[in-house]
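With mmCIF, C-alpha atoms inside, this is my_file.cif:
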```
data_query
#
loop_
_atom_site.label_atom_id
_atom_site.label_comp_id
_atom_site.auth_asym_id
_atom_site.auth_seq_id
_atom_site.Cartn_x
_atom_site.Cartn_y
_atom_site.Cartn_z
CA MET A 1 207.58 54.95 150.64
CA LYS A 2 210.11 52.70 149.03
CA SER A 3 212.11 52.34 152.21
CA PHE A 4 208.91 51.50 154.10
CA ARG A 5 208.05 48.75 151.66
CA LEU A 6 211.51 47.33 151.82
CA ALA A 7 211.45 47.41 155.59
CA THR A 8 208.11 45.64 155.62
CA MET A 9 209.37 42.97 153.31
CA PHE A 10 212.46 42.45 155.38
CA THR A 11 210.46 42.24 158.58
CA ALA A 12 208.03 39.79 157.05
CA GLY A 13 210.91 37.66 155.83
CA LEU A 14 212.36 37.70 159.30
CA LEU A 15 209.04 36.86 160.87
CA LEU A 16 208.56 33.98 158.52
CA ALA A 17 211.97 32.49 159.10
CA PRO A 18 211.48 29.00 160.53
CA GLY A 19 212.69 28.40 164.06
CA HIS A 20 212.04 31.96 165.17
CA PRO A 21 209.21 31.43 167.68
CA PHE A 22 209.30 34.91 169.22
CA ALA A 23 208.94 36.63 165.88
CA GLN A 24 206.23 34.22 164.76
CA GLU A 25 204.18 35.10 167.82
CA LEU A 26 204.17 38.75 166.74
CA SER A 27 203.62 38.12 163.08
CA GLY A 28 199.81 37.86 162.98
CA GLN A 29 199.22 41.24 164.64
CA GLN A 30 201.94 42.83 162.60
CA VAL A 31 200.52 41.58 159.32
CA VAL A 32 197.04 42.84 160.20
CA ARG A 33 198.42 46.25 161.20
CA THR A 34 200.53 46.55 158.06
CA LEU A 35 197.61 45.81 155.76
CA ASP A 36 195.04 47.86 157.67
CA ARG A 37 196.18 51.27 156.56
CA LEU A 38 193.88 52.60 153.95
CA GLN A 39 194.99 56.11 153.19
CA GLY A 40 192.12 58.03 151.67
CA GLY A 41 190.72 54.99 149.87
CA ALA A 42 192.37 52.96 147.16
CA PRO A 43 192.64 54.66 143.77
CA GLY A 44 190.84 52.83 140.99
CA ILE A 45 192.94 49.84 140.00
CA ASP A 46 192.11 48.35 136.60
CA LEU A 47 193.35 44.78 136.73
CA ALA A 48 192.77 44.09 133.03
CA LEU A 49 194.80 47.17 132.13
CA LEU A 50 197.66 46.12 134.43
CA MET A 51 197.73 42.66 132.84
CA GLU A 52 197.71 44.15 129.37
CA GLU A 53 200.58 46.52 130.21
CA ALA A 54 202.63 43.73 131.82
CA ALA A 55 202.16 41.52 128.74
CA ALA A 56 203.15 44.38 126.42
CA SER A 57 206.21 45.11 128.59
CA ALA A 58 207.66 41.59 128.85
CA GLY A 59 211.43 42.05 129.10
CA LYS A 60 211.16 45.85 129.38
CA GLY A 61 209.81 46.41 132.90
CA VAL A 62 206.72 48.10 134.34
CA ALA A 63 208.25 50.12 137.21
CA ALA A 64 207.92 53.41 135.31
CA LEU A 65 204.32 52.87 134.19
CA PRO A 66 201.84 55.12 136.05
CA ASP A 67 199.18 52.40 136.39
CA TRP A 68 201.69 50.11 138.09
CA GLN A 69 203.07 52.90 140.24
CA LYS A 70 199.57 53.38 141.72
CA LEU A 71 199.95 49.99 143.41
CA SER A 72 203.07 51.04 145.28
CA LYS A 73 201.09 53.72 147.13
CA LEU A 74 198.71 51.21 148.73
CA SER A 75 198.95 49.29 152.03
CA GLN A 76 200.92 46.19 151.33
CA LEU A 77 203.09 43.39 152.50
CA MET A 78 205.75 41.42 150.72
CA VAL A 79 206.46 37.83 151.56
CA GLU A 80 208.50 35.01 150.16
CA ILE A 81 206.59 31.94 149.02
CA ASP A 82 208.66 29.18 147.48
CA PHE A 83 207.38 26.98 144.68
CA GLU A 84 208.64 23.75 143.16
CA ASN A 85 210.85 24.51 140.19
CA ASP A 86 208.87 25.67 137.14
CA SER A 87 205.64 24.60 138.86
CA ILE A 88 202.63 26.15 140.59
CA ALA A 89 203.03 23.80 143.59
CA ILE A 90 203.77 25.75 146.77
CA GLU A 91 206.64 24.16 148.71
CA PRO A 92 205.44 22.74 152.05
CA LYS A 93 207.95 24.96 153.86
CA SER A 94 205.97 27.96 152.59
CA TYR A 95 202.56 26.69 153.71
CA ARG A 96 203.01 28.67 156.93
CA THR A 97 203.23 31.94 155.00
CA VAL A 98 200.00 31.18 153.14
CA GLY A 99 198.31 30.24 156.42
CA MET A 100 199.54 33.44 158.02
CA ILE A 101 198.03 35.51 155.19
CA ALA A 102 194.78 33.56 155.65
CA ASP A 103 194.79 34.35 159.39
CA ALA A 104 195.22 38.05 158.62
CA LEU A 105 192.55 38.18 155.89
CA HIS A 106 190.04 36.55 158.27
CA HIS A 107 190.70 39.12 160.99
CA PRO A 108 187.72 41.45 161.61
CA ASN A 109 189.91 44.49 160.90
CA LEU A 110 190.59 43.23 157.37
CA ARG A 111 187.46 41.28 156.48
CA ARG A 112 185.89 44.25 154.69
CA TYR A 113 188.81 44.69 152.26
CA LYS A 114 189.71 43.08 148.97
CA PHE A 115 193.29 42.21 148.10
CA LEU A 116 195.53 41.81 145.10
CA VAL A 117 198.06 38.99 145.07
CA VAL A 118 200.99 39.97 142.83
CA GLY A 119 203.46 37.28 141.79
CA HIS A 120 207.05 38.29 140.94
CA THR A 121 210.06 36.38 139.59
CA SER A 122 213.73 37.16 139.21
CA SER A 123 215.03 37.67 135.66
CA THR A 124 216.46 34.17 135.40
CA GLY A 125 214.92 32.53 132.34
CA ASP A 126 212.68 33.79 129.54
CA ALA A 127 210.70 36.98 130.32
CA LYS A 128 207.46 35.80 128.70
CA HIS A 129 207.66 32.45 130.49
CA ASN A 130 208.31 34.22 133.79
CA LEU A 131 205.25 36.39 133.23
CA ASP A 132 203.02 33.35 132.57
CA LEU A 133 204.44 31.38 135.50
CA SER A 134 204.04 34.28 137.92
CA GLN A 135 200.38 34.69 136.90
CA LYS A 136 199.76 30.96 137.41
CA ARG A 137 201.48 31.09 140.80
CA ALA A 138 199.47 34.12 141.90
CA ASN A 139 196.33 32.22 140.81
CA ALA A 140 197.48 29.19 142.81
CA ILE A 141 197.91 31.28 145.97
CA THR A 142 194.48 32.88 145.64
CA GLU A 143 192.98 29.43 145.01
CA ALA A 144 194.59 28.07 148.19
CA LEU A 145 193.34 31.09 150.15
CA SER A 146 189.79 30.85 148.82
CA THR A 147 189.39 27.06 149.05
CA THR A 148 191.55 25.68 151.88
CA PHE A 149 191.00 28.79 153.99
CA ALA A 150 187.54 29.83 152.74
CA ILE A 151 188.31 33.46 151.97
CA ALA A 152 185.51 34.83 149.78
CA PRO A 153 186.72 34.70 146.16
CA ASP A 154 185.32 38.21 145.50
CA ARG A 155 187.96 39.55 147.94
CA LEU A 156 190.90 38.16 146.00
CA PHE A 157 192.49 39.15 142.70
CA ALA A 158 195.63 37.67 141.20
CA ILE A 159 198.16 39.13 138.80
CA GLY A 160 201.59 38.01 137.68
CA VAL A 161 204.17 40.57 136.64
CA GLY A 162 207.05 38.17 136.04
CA GLU A 163 210.45 39.83 136.22
CA GLU A 164 209.10 43.26 135.20
CA TRP A 165 209.02 44.94 138.62
CA PRO A 166 212.16 43.91 140.51
CA VAL A 167 212.55 45.02 144.12
CA ASP A 168 216.28 45.14 143.43
CA PRO A 169 216.52 46.63 139.89
CA SER A 170 220.33 46.73 140.00
CA ASN A 171 220.42 42.99 140.43
CA PRO A 172 217.40 41.56 138.55
CA GLN A 173 218.55 37.94 138.93
CA ALA A 174 218.67 38.21 142.74
CA ALA A 175 216.48 35.77 144.71
CA ASP A 176 214.93 38.75 146.59
CA ASN A 177 213.05 39.59 143.42
CA ARG A 178 211.11 36.31 143.70
CA ARG A 179 208.35 37.41 145.98
CA VAL A 180 204.63 37.76 146.51
CA GLN A 181 203.09 41.13 147.14
CA LEU A 182 199.77 41.41 148.93
CA VAL A 183 198.07 44.76 148.28
CA ASN A 184 194.97 46.17 149.99
CA LEU A 185 192.61 47.27 147.19
CA GLY A 186 190.06 48.86 149.48
CA LEU A 187 186.53 48.02 150.56
CA VAL A 188 184.64 45.13 149.02
CA LYS A 189 181.74 46.71 147.17
CA MET B 1 179.02 34.89 201.10
CA SER B 2 180.55 32.45 203.63
CA THR B 3 183.93 30.88 203.09
CA ARG B 4 182.24 27.51 202.69
CA THR B 5 179.93 28.77 199.94
CA ARG B 6 182.79 30.44 198.12
CA LEU B 7 184.84 27.26 198.25
CA LEU B 8 181.93 25.26 196.95
CA GLY B 9 181.33 27.84 194.28
CA GLY B 10 184.98 27.65 193.29
CA ALA B 11 184.82 23.87 193.22
CA LEU B 12 181.74 23.99 191.02
CA VAL B 13 183.40 26.33 188.54
CA ALA B 14 186.46 24.07 188.45
CA PHE B 15 184.24 21.00 188.02
CA LEU B 16 182.34 22.61 185.15
CA ALA B 17 185.55 23.71 183.52
CA LEU B 18 186.96 20.19 183.70
CA THR B 19 183.82 18.42 182.57
CA GLY B 20 182.78 20.88 179.88
CA PRO B 21 182.49 19.66 176.32
CA ALA B 22 185.70 17.80 175.50
CA ARG B 23 187.20 19.95 172.78
CA ALA B 24 190.63 21.26 171.97
CA ASP B 25 191.10 24.96 171.31
CA THR B 26 191.66 25.74 167.67
CA ILE B 27 195.06 26.81 166.39
CA SER B 28 195.89 29.48 163.83
CA PHE B 29 195.80 28.62 160.13
CA ALA B 30 199.54 29.33 160.07
CA ASP B 31 200.21 26.82 162.86
CA ALA B 32 197.83 24.30 161.31
CA VAL B 33 199.56 24.21 157.94
CA SER B 34 203.00 24.43 159.55
CA THR B 35 202.20 21.19 161.37
CA LEU B 36 201.02 19.72 158.08
CA ALA B 37 204.25 20.78 156.37
CA ASN B 38 206.37 19.33 159.21
CA ASP B 39 204.59 16.00 159.49
CA CYS B 40 203.58 15.48 155.86
CA GLY B 41 206.20 17.50 153.93
CA SER B 42 208.27 14.49 152.88
CA ASP B 43 205.17 12.47 151.90
CA ILE B 44 203.86 15.44 149.90
CA LYS B 45 207.18 15.72 148.06
CA LYS B 46 207.21 11.98 147.43
CA PHE B 47 203.58 11.27 146.45
CA CYS B 48 202.05 14.63 145.52
CA LYS B 49 204.76 16.34 143.50
CA GLY B 50 203.40 19.25 141.46
CA LEU B 51 200.09 19.35 143.36
CA ASN B 52 198.94 22.42 145.20
CA LEU B 53 197.47 23.17 148.59
CA GLY B 54 194.21 24.57 147.16
CA SER B 55 190.94 22.77 146.33
CA GLY B 56 191.75 19.80 148.57
CA ARG B 57 194.39 18.47 146.16
CA ILE B 58 197.02 17.73 148.81
CA GLN B 59 194.44 16.23 151.14
CA ASN B 60 192.99 14.01 148.36
CA CYS B 61 196.45 12.94 147.27
CA LEU B 62 197.57 12.00 150.79
CA GLU B 63 194.32 10.10 151.34
CA ALA B 64 194.72 8.30 148.02
CA HIS B 65 198.19 7.18 149.12
CA ALA B 66 197.10 6.40 152.68
CA ALA B 67 198.71 2.96 152.62
CA LYS B 68 202.17 4.46 152.01
CA VAL B 69 201.87 7.74 153.89
CA SER B 70 203.38 7.83 157.40
CA PRO B 71 200.87 7.26 160.23
CA THR B 72 201.95 10.55 161.81
CA CYS B 73 201.07 12.39 158.61
CA THR B 74 197.68 10.66 158.35
CA SER B 75 196.80 11.63 161.90
CA THR B 76 198.11 15.19 161.46
CA LEU B 77 196.11 15.61 158.25
CA ALA B 78 192.91 14.68 160.11
CA SER B 79 193.57 16.96 163.08
CA VAL B 80 194.67 19.91 160.92
CA THR B 81 191.58 19.59 158.71
CA THR B 82 189.35 19.52 161.80
CA SER B 83 191.11 22.50 163.35
CA ILE B 84 190.76 24.61 160.21
CA GLU B 85 187.05 23.70 160.00
CA GLN B 86 186.48 24.55 163.69
CA ARG B 87 188.19 27.90 163.36
CA LEU B 88 186.22 28.79 160.23
CA ALA B 89 182.99 27.74 161.96
CA ALA B 90 183.80 29.92 164.99
CA GLN B 91 184.52 32.89 162.72
CA SER B 92 181.25 32.41 160.82
CA SER B 93 179.15 32.07 163.97
CA PHE B 94 180.77 34.99 165.83
CA THR B 95 178.15 37.58 164.84
CA ALA B 96 175.18 35.42 165.81
CA ILE B 97 176.69 34.03 169.03
CA CYS B 98 177.89 37.41 170.27
CA LYS B 99 174.79 39.37 169.24
CA HIS B 100 173.46 39.87 172.78
CA TYR B 101 176.83 40.93 174.17
CA VAL B 102 177.25 43.40 171.32
CA ALA B 103 173.84 44.90 172.15
CA GLN B 104 174.70 44.99 175.87
CA PHE B 105 178.30 46.27 175.84
CA CYS B 106 179.04 47.67 172.42
CA SER B 107 175.86 49.21 171.11
CA GLY B 108 176.62 52.01 168.70
CA VAL B 109 180.10 50.66 167.92
CA VAL B 110 180.54 50.49 164.15
CA GLY B 111 182.69 48.05 162.19
CA GLU B 112 183.50 44.41 162.93
CA GLY B 113 187.06 45.20 164.05
CA ASN B 114 185.89 47.87 166.50
CA ILE B 115 183.14 45.60 167.82
CA LEU B 116 185.69 42.87 168.45
CA SER B 117 187.99 45.29 170.33
CA CYS B 118 185.03 46.42 172.42
CA LEU B 119 183.99 42.85 173.25
CA ASN B 120 187.55 41.89 174.15
CA LYS B 121 187.53 44.69 176.75
CA ALA B 122 184.25 43.57 178.34
CA THR B 123 185.47 40.92 180.80
CA ARG B 124 182.08 39.26 181.25
CA VAL B 125 182.12 38.22 177.62
CA ASN B 126 184.89 35.75 178.45
CA GLU B 127 182.54 33.59 180.50
CA GLY B 128 180.09 32.61 177.81
CA GLN B 129 179.85 31.01 174.39
CA CYS B 130 180.73 34.37 172.84
CA GLY B 131 184.10 34.36 174.61
CA GLN B 132 184.71 30.80 173.44
CA ALA B 133 183.79 31.78 169.86
CA ILE B 134 186.27 34.70 169.96
CA THR B 135 188.99 32.38 171.27
CA ASP B 136 188.23 29.69 168.69
CA ALA B 137 188.11 32.29 165.93
CA GLY B 138 191.66 33.28 166.93
CA TRP B 139 190.71 36.88 167.63
CA ARG B 140 192.26 37.50 171.04
#
```
File written out as structure tokens:
Amino acid sequence: MKSFRLATMFTAGLLLAPGHPFAQELSGQQVVRTLDRLQGGAPGIDLALLMEEAAASAGKGVAALPDWQKLSKLSQLMVEIDFENDSIAIEPKSYRTVGMIADALHHPNLRRYKFLVVGHTSSTGDAKHNLDLSQKRANAITEALSTTFAIAPDRLFAIGVGEEWPVDPSNPQAADNRRVQLVNLGLVK
Amino acid sequence: MSTRTRLLGGALVAFLALTGPARADTISFADAVSTLANDCGSDIKKFCKGLNLGSGRIQNCLEAHAAKVSPTCTSTLASVTTSIEQRLAAQSSFTAICKHYVAQFCSGVVGEGNILSCLNKATRVNEGQCGQAITDAGWR
């Protein structure tokens, strides 16, 4: 599973690289396919509990916590969205990625699902600050999706996990750890 | 059908196609905001630092600084906003516009994604408003 997620992230990064028209042409379909795999329904995800555990684990990591591990079993995509330094403002060069997610979430194959937007940072800086900033950035992405691109707000949930769940645990300061994870939470009730 | 009739028929179709409602096809949300980033990126960095894409903040900011923003950006902002609105409108009206085709070609098909796949296979759908709605929605 881990290798699949890493592969997906790498592919998405490649697809989102500017000046790569061939890959961009494929990206929409690929994003929809990646997110449209609901294996036996999503297990119950308690967002409040995840937030509580992340806050209690600032500086210690959440990768080993069972509630957080549940997320890694769900259909998901990782992308890179750049922000202005210490700000919630999405860099214009990353608008395309947000638009691409909006295209996918509006596709009929995905319109019945709700999604979790997870914000991650590297371990540069204070852990508590990283946690707060990643939550605000995840909120900012869901706000852009639900306002600019009119995705129903009841389909979107945001959580920041700061530096607590690095994709590259051996190198927590690596830029790869700054990422946004989009997780399919199952059918909208 | 005689050759003459077919030619006339062909000419009529071409005429209708050329004189149909003057409207540009919509573009994907990704392409729309990419254009915005390309044409307005430097103005956004200059005049809207710290502001986000959501809730119309970038749009309001660029409009508030219209006198200083590049003319290309102003025109791109208008066309991108229109394109996003058109695509959202096409997506919202898909079910109503395509209702008759769904009943005709895809009755019994369950789920919006499956219905769309079914409609995309029915070639006659392409001719009407339903086909246009699917194209404008970005679902081909």
Legend entry - Matched chain/residue IDs from the PyMOL selection byres ((chain B) within 6 of (chain A)), as a list in words: Phe29, Ala30, Val33, Ser34, Ala37, Gly41, Gly50, Leu51, Asn52, Leu53, Gly54, Ser55, Glu112 and Gly113 of chain B
Inset, instruction - Pull out every residue that the PyMOL selection byres ((chain B and resi 95) around 12) matches in the shown coordinates and put them as a list of chain:residue names. - result: A:Pro108, B:Ala89, B:Ala90, B:Gln91, B:Ser92, B:Ser93, B:Phe94, B:Ala96, B:Ile97, B:Cys98, B:Lys99, B:His100, B:Tyr101, B:Val102, B:Ala103, B:Gly111, B:Glu112, B:Gly113, B:Ile115, B:Leu116, B:Leu119, B:Gln129, B:Cys130, B:Gly131, B:Ala133, B:Ile134, B:Ala137
Inset, instruction - Provide the atom CA of A:Asn184 to atom CA of A:Asp132 distance in Å, to one decimal place. - result: 23.1 Å
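When only C-alpha atoms are used to compute distances to A:Ala127, the closest of the residues A:Lys73, A:Lys114, A:Arg33, A:Lys60 turns out to be A:Lys60.
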Inset, instruction - Could you tell me how far atom CA of B:Gln104 lies from atom CA of B:Gly128, in Å and to one decimal? - result: 13.6 Å
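Our summary of the geometry notes that atom CA of A:Asn139 is positioned 8.2 Å from atom CA of A:Val117.
With distances restricted to all atoms listed in the file, A:Leu185 is the closest residue to A:Phe115 from A:Leu185, A:Leu35, A:Leu50, A:Leu74.
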Legend entry - Hits from the PyMOL selection byres ((chain B and resi 66) around 12), listed as a PyMOL selection string: chain B and resi 40+43-44+47-48+58-65+67-75+77-78
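When the distance limit is 6 Å and only C-alpha atoms are what count, the residues near stretch 153-165 of chain A, minus those fewer than 6 positions from it on the same chain, are Ala54, Gly61, Val62, Ala63, Lys114, Phe115, Leu116, Val117, Val118, Gly119, His120, Thr121, Ser122, Ser123, Asn130, Leu131, Ser134, Gln135, Ala138, Asn139 and Ser146 of chain A.
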Write out, as a short mmCIF file (atom, residue, chain, number, x, y, z; two decimals), keeping the file's coordinate frame, the residues just selected, with C-alpha atoms.
```
data_model
loop_
_atom_site.label_atom_id
_atom_site.label_comp_id
_atom_site.auth_asym_id
_atom_site.auth_seq_id
_atom_site.Cartn_x
_atom_site.Cartn_y
_atom_site.Cartn_z
CA ALA A 54 202.63 43.73 131.82
CA GLY A 61 209.81 46.41 132.90
CA VAL A 62 206.72 48.10 134.34
CA ALA A 63 208.25 50.12 137.21
CA LYS A 114 189.71 43.08 148.97
CA PHE A 115 193.29 42.21 148.10
CA LEU A 116 195.53 41.81 145.10
CA VAL A 117 198.06 38.99 145.07
CA VAL A 118 200.99 39.97 142.83
CA GLY A 119 203.46 37.28 141.79
CA HIS A 120 207.05 38.29 140.94
CA THR A 121 210.06 36.38 139.59
CA SER A 122 213.73 37.16 139.21
CA SER A 123 215.03 37.67 135.66
CA ASN A 130 208.31 34.22 133.79
CA LEU A 131 205.25 36.39 133.23
CA SER A 134 204.04 34.28 137.92
CA GLN A 135 200.38 34.69 136.90
CA ALA A 138 199.47 34.12 141.90
CA ASN A 139 196.33 32.22 140.81
CA SER A 146 189.79 30.85 148.82
#
```
Legend entry - Protein and nucleic acid residues near (212.8, 36.0, 149.6) (cut-off 8 Å, all atoms listed in the file) as a list in words: Gly13, Val79, Glu80, Ile81, Ala175, Asp176, Asn177, Arg178 and Arg179 of chain A
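Compared by their closest atoms to A:Ser72, and using only C-alpha atoms, the residues A:Val188, A:His129, A:Gln29, A:Gln181 rank with A:Gln181 nearest.
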